[in-house]
Structure formats: structure tokens, C-alpha cells
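A.B. asks: Structure: model_24.txt, compact mmCIF, C-alpha atoms and all ligand atoms.
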# COMPACT_ATOMS: atom_id res chain seq x y z
CA MET T 301 -37.86 -93.01 -6.15
CA SER T 302 -37.61 -93.99 -9.83
CA LYS T 303 -34.03 -93.54 -10.95
CA ALA T 304 -33.14 -94.28 -14.55
CA ILE T 305 -30.15 -94.31 -16.83
CA TYR T 306 -30.30 -93.42 -20.51
CA PRO T 307 -27.09 -94.78 -22.04
CA GLY T 308 -25.61 -94.17 -25.48
CA SER T 309 -22.69 -92.88 -27.49
CA PHE T 310 -24.29 -89.47 -28.10
CA ASP T 311 -21.66 -88.82 -30.78
CA PRO T 312 -23.11 -86.17 -31.07
CA VAL T 313 -26.43 -85.64 -29.26
CA THR T 314 -29.38 -85.16 -31.66
CA LYS T 315 -32.92 -83.87 -31.34
CA GLY T 316 -34.00 -87.52 -31.27
CA HIS T 317 -31.94 -88.13 -28.12
CA LEU T 318 -33.17 -84.93 -26.51
CA ASP T 319 -36.77 -85.92 -27.17
CA ILE T 320 -36.24 -89.20 -25.28
CA ILE T 321 -34.49 -87.35 -22.42
CA LYS T 322 -37.36 -84.87 -22.18
CA ARG T 323 -40.08 -87.51 -22.15
CA ALA T 324 -38.22 -89.81 -19.75
CA SER T 325 -37.54 -86.95 -17.33
CA LYS T 326 -41.28 -86.21 -17.19
CA ILE T 327 -42.27 -89.67 -16.02
CA LEU T 328 -39.24 -90.62 -13.93
CA ASP T 329 -37.91 -88.94 -10.81
CA HIS T 330 -34.31 -88.85 -11.96
CA VAL T 331 -32.53 -89.58 -15.24
CA THR T 332 -28.79 -89.98 -15.69
CA VAL T 333 -27.75 -89.58 -19.31
CA ALA T 334 -24.61 -91.68 -19.51
CA VAL T 335 -22.08 -91.55 -22.32
CA LEU T 336 -20.46 -94.88 -22.98
CA GLU T 337 -16.72 -94.69 -23.42
CA ASN T 338 -16.32 -97.62 -25.76
CA PRO T 339 -12.68 -98.51 -26.52
CA ARG T 340 -13.85 -100.70 -29.43
CA LYS T 341 -15.63 -97.87 -31.22
CA VAL T 342 -13.82 -94.88 -32.68
CA ALA T 343 -15.81 -91.78 -31.75
CA THR T 344 -15.89 -88.52 -33.69
CA PHE T 345 -16.24 -86.35 -30.59
CA ASP T 346 -14.15 -87.17 -27.55
CA ILE T 347 -15.82 -88.06 -24.30
CA GLU T 348 -15.42 -84.55 -22.81
CA GLN T 349 -17.08 -82.95 -25.83
CA ARG T 350 -19.99 -85.40 -25.80
CA VAL T 351 -20.54 -84.81 -22.09
CA GLU T 352 -20.29 -81.04 -22.60
CA MET T 353 -22.87 -81.11 -25.40
CA LEU T 354 -25.27 -83.09 -23.22
CA HIS T 355 -24.73 -80.62 -20.36
CA LEU T 356 -25.62 -77.75 -22.66
CA VAL T 357 -28.84 -79.29 -23.94
CA THR T 358 -30.07 -80.54 -20.54
CA LYS T 359 -29.19 -77.49 -18.43
CA ASP T 360 -32.85 -76.62 -17.83
CA TYR T 361 -33.83 -80.11 -16.69
CA SER T 362 -33.49 -80.19 -12.94
CA ASN T 363 -33.83 -83.97 -12.62
CA VAL T 364 -31.38 -84.84 -15.40
CA GLU T 365 -27.72 -85.50 -14.75
CA VAL T 366 -24.95 -86.21 -17.26
CA ASP T 367 -22.12 -88.66 -16.68
CA TYR T 368 -19.93 -91.13 -18.57
CA TYR T 369 -18.92 -94.69 -17.90
CA LYS T 370 -16.63 -97.47 -19.05
CA GLY T 371 -17.36 -101.14 -18.75
CA LEU T 372 -20.66 -102.81 -17.98
CA LEU T 373 -23.74 -100.62 -17.92
CA ILE T 374 -25.37 -102.88 -15.38
CA ASP T 375 -22.47 -102.41 -12.93
CA TYR T 376 -22.54 -98.66 -13.32
CA ALA T 377 -26.30 -98.65 -12.72
CA GLN T 378 -26.06 -100.82 -9.65
CA ASN T 379 -23.29 -98.67 -8.14
CA LYS T 380 -25.47 -95.62 -8.55
CA ASN T 381 -28.58 -97.34 -7.20
CA ILE T 382 -30.38 -97.05 -10.54
CA SER T 383 -33.00 -99.68 -11.34
CA ILE T 384 -34.28 -98.61 -14.79
CA ILE T 385 -32.49 -98.51 -18.14
CA VAL T 386 -34.19 -96.29 -20.73
CA LYS T 387 -33.73 -97.04 -24.43
CA GLY T 388 -35.22 -95.47 -27.53
CA LEU T 389 -36.61 -97.49 -30.41
CA ARG T 390 -36.74 -96.16 -33.94
CA ALA T 391 -37.25 -99.22 -36.11
CA MET T 392 -37.19 -102.99 -36.22
CA SER T 393 -33.43 -102.77 -36.65
CA ASP T 394 -33.12 -101.15 -33.21
CA PHE T 395 -35.47 -103.72 -31.75
CA GLU T 396 -33.42 -106.80 -32.51
CA PHE T 397 -30.25 -105.51 -30.90
CA GLU T 398 -31.99 -103.86 -27.97
CA PHE T 399 -34.07 -106.97 -27.30
CA GLN T 400 -30.89 -109.02 -26.99
CA MET T 401 -29.20 -106.38 -24.78
CA ALA T 402 -32.23 -106.19 -22.50
CA LEU T 403 -32.26 -109.97 -22.06
CA VAL T 404 -28.53 -110.10 -21.39
CA ASN T 405 -28.83 -107.35 -18.80
CA GLN T 406 -31.79 -109.13 -17.25
CA LYS T 407 -29.64 -112.25 -16.98
CA LEU T 408 -26.77 -110.28 -15.39
CA ASN T 409 -28.97 -108.42 -12.95
CA SER T 410 -32.67 -109.21 -12.72
CA SER T 411 -33.43 -106.26 -10.45
CA ILE T 412 -32.70 -103.74 -13.22
CA GLU T 413 -35.47 -103.29 -15.80
CA THR T 414 -35.10 -102.00 -19.34
CA MET T 415 -37.83 -99.61 -20.40
CA PHE T 416 -38.35 -98.77 -24.08
CA MET T 417 -39.69 -95.55 -25.46
CA MET T 418 -40.88 -95.29 -29.05
CA THR T 419 -39.27 -92.58 -31.10
CA ASN T 420 -41.15 -89.40 -31.79
CA ASN T 421 -42.52 -89.74 -35.31
CA LYS T 422 -40.66 -86.54 -36.23
CA TYR T 423 -37.29 -88.12 -35.44
CA SER T 424 -37.71 -91.73 -36.48
CA TYR T 425 -35.07 -91.35 -39.22
CA LEU T 426 -32.59 -89.47 -37.07
CA SER T 427 -29.27 -90.81 -35.77
CA SER T 428 -25.87 -89.40 -34.88
CA SER T 429 -24.47 -91.13 -37.96
CA ILE T 430 -26.95 -89.36 -40.24
CA VAL T 431 -26.08 -86.00 -38.67
CA LYS T 432 -22.36 -86.60 -39.23
CA GLU T 433 -22.92 -87.79 -42.78
CA ILE T 434 -24.83 -84.62 -43.66
CA ALA T 435 -22.42 -82.31 -41.78
CA ALA T 436 -19.42 -83.87 -43.53
CA LEU T 437 -21.03 -83.17 -46.90
CA GLY T 438 -21.75 -79.57 -45.94
CA GLY T 439 -25.52 -80.03 -45.60
CA ASP T 440 -27.78 -78.16 -43.20
CA ILE T 441 -28.09 -79.95 -39.85
CA SER T 442 -29.88 -77.15 -38.00
CA SER T 443 -33.18 -79.03 -37.84
CA LEU T 444 -31.51 -82.23 -36.61
CA VAL T 445 -29.53 -81.12 -33.56
CA PRO T 446 -30.32 -78.86 -30.60
CA PRO T 447 -29.27 -75.25 -31.30
CA GLU T 448 -26.86 -75.22 -28.32
CA VAL T 449 -24.58 -77.76 -30.01
CA TYR T 450 -24.99 -76.77 -33.66
CA ASN T 451 -21.76 -74.76 -33.84
CA MET T 452 -19.63 -77.38 -32.14
CA ILE T 453 -20.70 -79.94 -34.73
CA VAL T 454 -20.33 -77.67 -37.74
CA GLU T 455 -16.85 -76.57 -36.54
CA LYS T 456 -15.72 -80.19 -36.46
CA TYR T 457 -16.31 -80.53 -40.18
CA LYS T 458 -14.78 -77.23 -41.31
N1 LIG T 501 -34.21 -90.47 -33.18
C1 LIG T 501 -34.28 -91.27 -32.12
N2 LIG T 501 -35.49 -91.59 -31.57
C2 LIG T 501 -35.55 -92.43 -30.51
N3 LIG T 501 -34.49 -92.99 -29.92
C3 LIG T 501 -33.28 -92.71 -30.41
C4 LIG T 501 -33.11 -91.83 -31.52
N4 LIG T 501 -31.78 -91.76 -31.79
C5 LIG T 501 -31.17 -92.55 -30.89
N5 LIG T 501 -32.05 -93.12 -30.05
C6 LIG T 501 -31.77 -94.02 -28.93
O1 LIG T 501 -30.82 -93.39 -28.11
C7 LIG T 501 -29.95 -94.36 -27.51
C8 LIG T 501 -28.51 -93.98 -27.78
O2 LIG T 501 -28.28 -94.07 -29.13
P1 LIG T 501 -26.88 -93.81 -29.83
O3 LIG T 501 -25.98 -93.03 -28.98
O4 LIG T 501 -26.39 -95.09 -30.44
O5 LIG T 501 -27.37 -92.85 -31.01
P2 LIG T 501 -27.55 -93.11 -32.53
O6 LIG T 501 -28.27 -91.90 -33.02
O7 LIG T 501 -28.15 -94.46 -32.79
O8 LIG T 501 -26.05 -93.04 -33.03
P3 LIG T 501 -25.26 -93.94 -34.09
O9 LIG T 501 -25.69 -93.47 -35.42
O10 LIG T 501 -23.83 -93.60 -33.77
O11 LIG T 501 -25.59 -95.36 -33.80
C9 LIG T 501 -30.40 -95.70 -28.06
O12 LIG T 501 -31.31 -96.27 -27.14
C10 LIG T 501 -31.11 -95.32 -29.36
O13 LIG T 501 -32.06 -96.28 -29.73
MG MG T 502 -27.12 -96.31 -32.60
As C-alpha cells - that is how I would like this structure written.
C.D. replies:
Amino acid sequence: MSKAIYPGSFDPVTKGHLDIIKRASKILDHVTVAVLENPRKVATFDIEQRVEMLHLVTKDYSNVEVDYYKGLLIDYAQNKNISIIVKGLRAMSDFEFEFQMALVNQKLNSSIETMFMMTNNKYSYLSSSIVKEIAALGGDISSLVPPEVYNMIVEKYK
């Protein structure tokens, strides 16, 4: 059985993330979307809110599970018997960092593979940071985030 993990901050989830989740869940048996609780990064939405938003947008995907983790991704994956890490790539800037992460993870545990999915052309410019930037300035984010989480994000910036 192909079990994968799609890790990220998801602060908040965007249509770009959901597109990767959708496509990954079609080709893999099981996908765990895992929110990284990173003590070195100040998040806008707390971990419970980020997990809740992911639950809302993935409720109709029977082979997708949402969780969160602290510490090393590779350890979390191994504990859950997951052998594939899914990452999205938008641009060369993503590539450099993700290339390094994939090699480090390969070094730490060679039985876990990183699999990259190219962004959907529609969402190549989209990131959580862009969504927050626009929301903070009162712009319309309705085309950037799934409708289920729109209100939660707008409320944050009221
Ligand atoms: N629009 C997108 N298309 C494809 N992959 C994406 C997109 N947005 C994010 N990803 C991928 O999703 C994963 C999690 O990303 P992350 O949580 O850092 O989101 P982000 O949108 O990059 O947020 P931030 O602006 O905070 O960095 C990464 O593998 C990232 O490359
Ligand atoms: Mg990012």
C-alpha cells in the first residue's frame, strides 16, 4: 500500500495546497496531510486552527487524513509506516530548498522517498504568505482559498 505524507505549515491552507492534496490522493492509497508545529516560526493561525481548516477542506476525501507533528518529519513518517513524502514545486526558488531537504531526508532514512508534484499552472503564484498579505490589506481572497475556510481567514484580519 502506498502511504504518503504531505507536510507543510498550511498557515492557512490555500487552493494551491488543496490541488496537491487532490492530485496526490488520486495516485496514492493514503495521504496524511501533516501540519508542522515549528517552534522557530511564528504562525498566524495556531496549530488547532490549521488542522481544523485542513479537516474542513478534505472532509470528502476518504483516503486523506490530517495530523500535526513536531520534530523530524522523517521520524514521524517512519513511526506511521509512511514511505513517501509529497512536496509541491512552484518555482526554481522552491526547488533549491526542497532539493536540499530531499537529500538530507534521504541521508537520514534511505527507505523514505520524496516525490515532487508540479504546481497547477493556475496556482503557481499562490502561497499562504500571499493570501495573508492580501487579506491584511483588505483585498479579495475568495479565489485563492477554499470556500470552507474563507471566513476563518477574513475574520482573523478584521
Ligand atoms: N500553489 C502551490 N502549488 C504547488 N505546491 C504548493 C503551492 N503552495 C504550497 N505548495 C507546497 O505545499 C507544501 C507546503 O507549503 P507551505 O505550508 O510552506 O505553504 P506556502 O504556501 O509556501 O506558505 P508560506 O508562504 O508560509 O511559505 C510545500 O511542499 C510547498 O511547495
Ligand atoms: Mg513555503
A.B. asks: Which is closest to Ala324 (chain T) among T:Arg350, T:His355, T:Lys407, T:Lys303, if we use all atoms listed in the file?
C.D. replies: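 Ranking T:Arg350, T:His355, T:Lys407, T:Lys303 by distance to Ala324 (chain T), first place goes to T:Lys303.
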A.B. asks: Quick one: residues within 9 Å of Val357 (chain T), only C-alpha atoms, excluding same-chain residues fewer than 6 positions away - as a PyMOL selection string?
C.D. replies: chain T and resi 313+318+446-449
A.B. asks: Just want the 10 Å neighbourhood of region 375-380 of chain T, counted on all atoms listed in the file, with same-chain residues fewer than 5 positions away dropped. Output as a short mmCIF file (atom, residue, chain, number, x, y, z; two decimals) with C-alpha atoms, keeping the file's coordinate frame.
C.D. replies:
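Generated file (result-v3.cif):
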data_model
loop_
_atom_site.label_atom_id
_atom_site.label_comp_id
_atom_site.auth_asym_id
_atom_site.auth_seq_id
_atom_site.Cartn_x
_atom_site.Cartn_y
_atom_site.Cartn_z
CA LYS T 303 -34.03 -93.54 -10.95
CA ALA T 304 -33.14 -94.28 -14.55
CA ILE T 305 -30.15 -94.31 -16.83
CA THR T 332 -28.79 -89.98 -15.69
CA ALA T 334 -24.61 -91.68 -19.51
CA TYR T 368 -19.93 -91.13 -18.57
CA TYR T 369 -18.92 -94.69 -17.90
CA LYS T 370 -16.63 -97.47 -19.05
CA ILE T 385 -32.49 -98.51 -18.14
CA ASN T 405 -28.83 -107.35 -18.80
CA LEU T 408 -26.77 -110.28 -15.39
CA ASN T 409 -28.97 -108.42 -12.95
CA SER T 411 -33.43 -106.26 -10.45
CA ILE T 412 -32.70 -103.74 -13.22
#
A.B. asks: Using all atoms listed in the file, which of the listed residues (T:Gln406, T:Gln349, T:Ser427, T:Ser302) sits closest to ligand MG 502 (chain T)?
C.D. replies: T:Ser427
A.B. asks: For ligand LIG 501 (chain T), return the neighbouring residues as an MDAnalysis selection string (distance at most 8 Å; all atoms listed in the file).
C.D. replies: chainID T and resid 306:317 319:320 335 386:390 394 398 417:420 423:430
A.B. asks: As an exercise, work out the distance from CA of Thr358 (chain T) to CA of Ile382 (chain T) in Å and give it to one decimal place.
C.D. replies: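 Result for CA of Thr358 (chain T) versus CA of Ile382 (chain T): 19.3 Å, one decimal.
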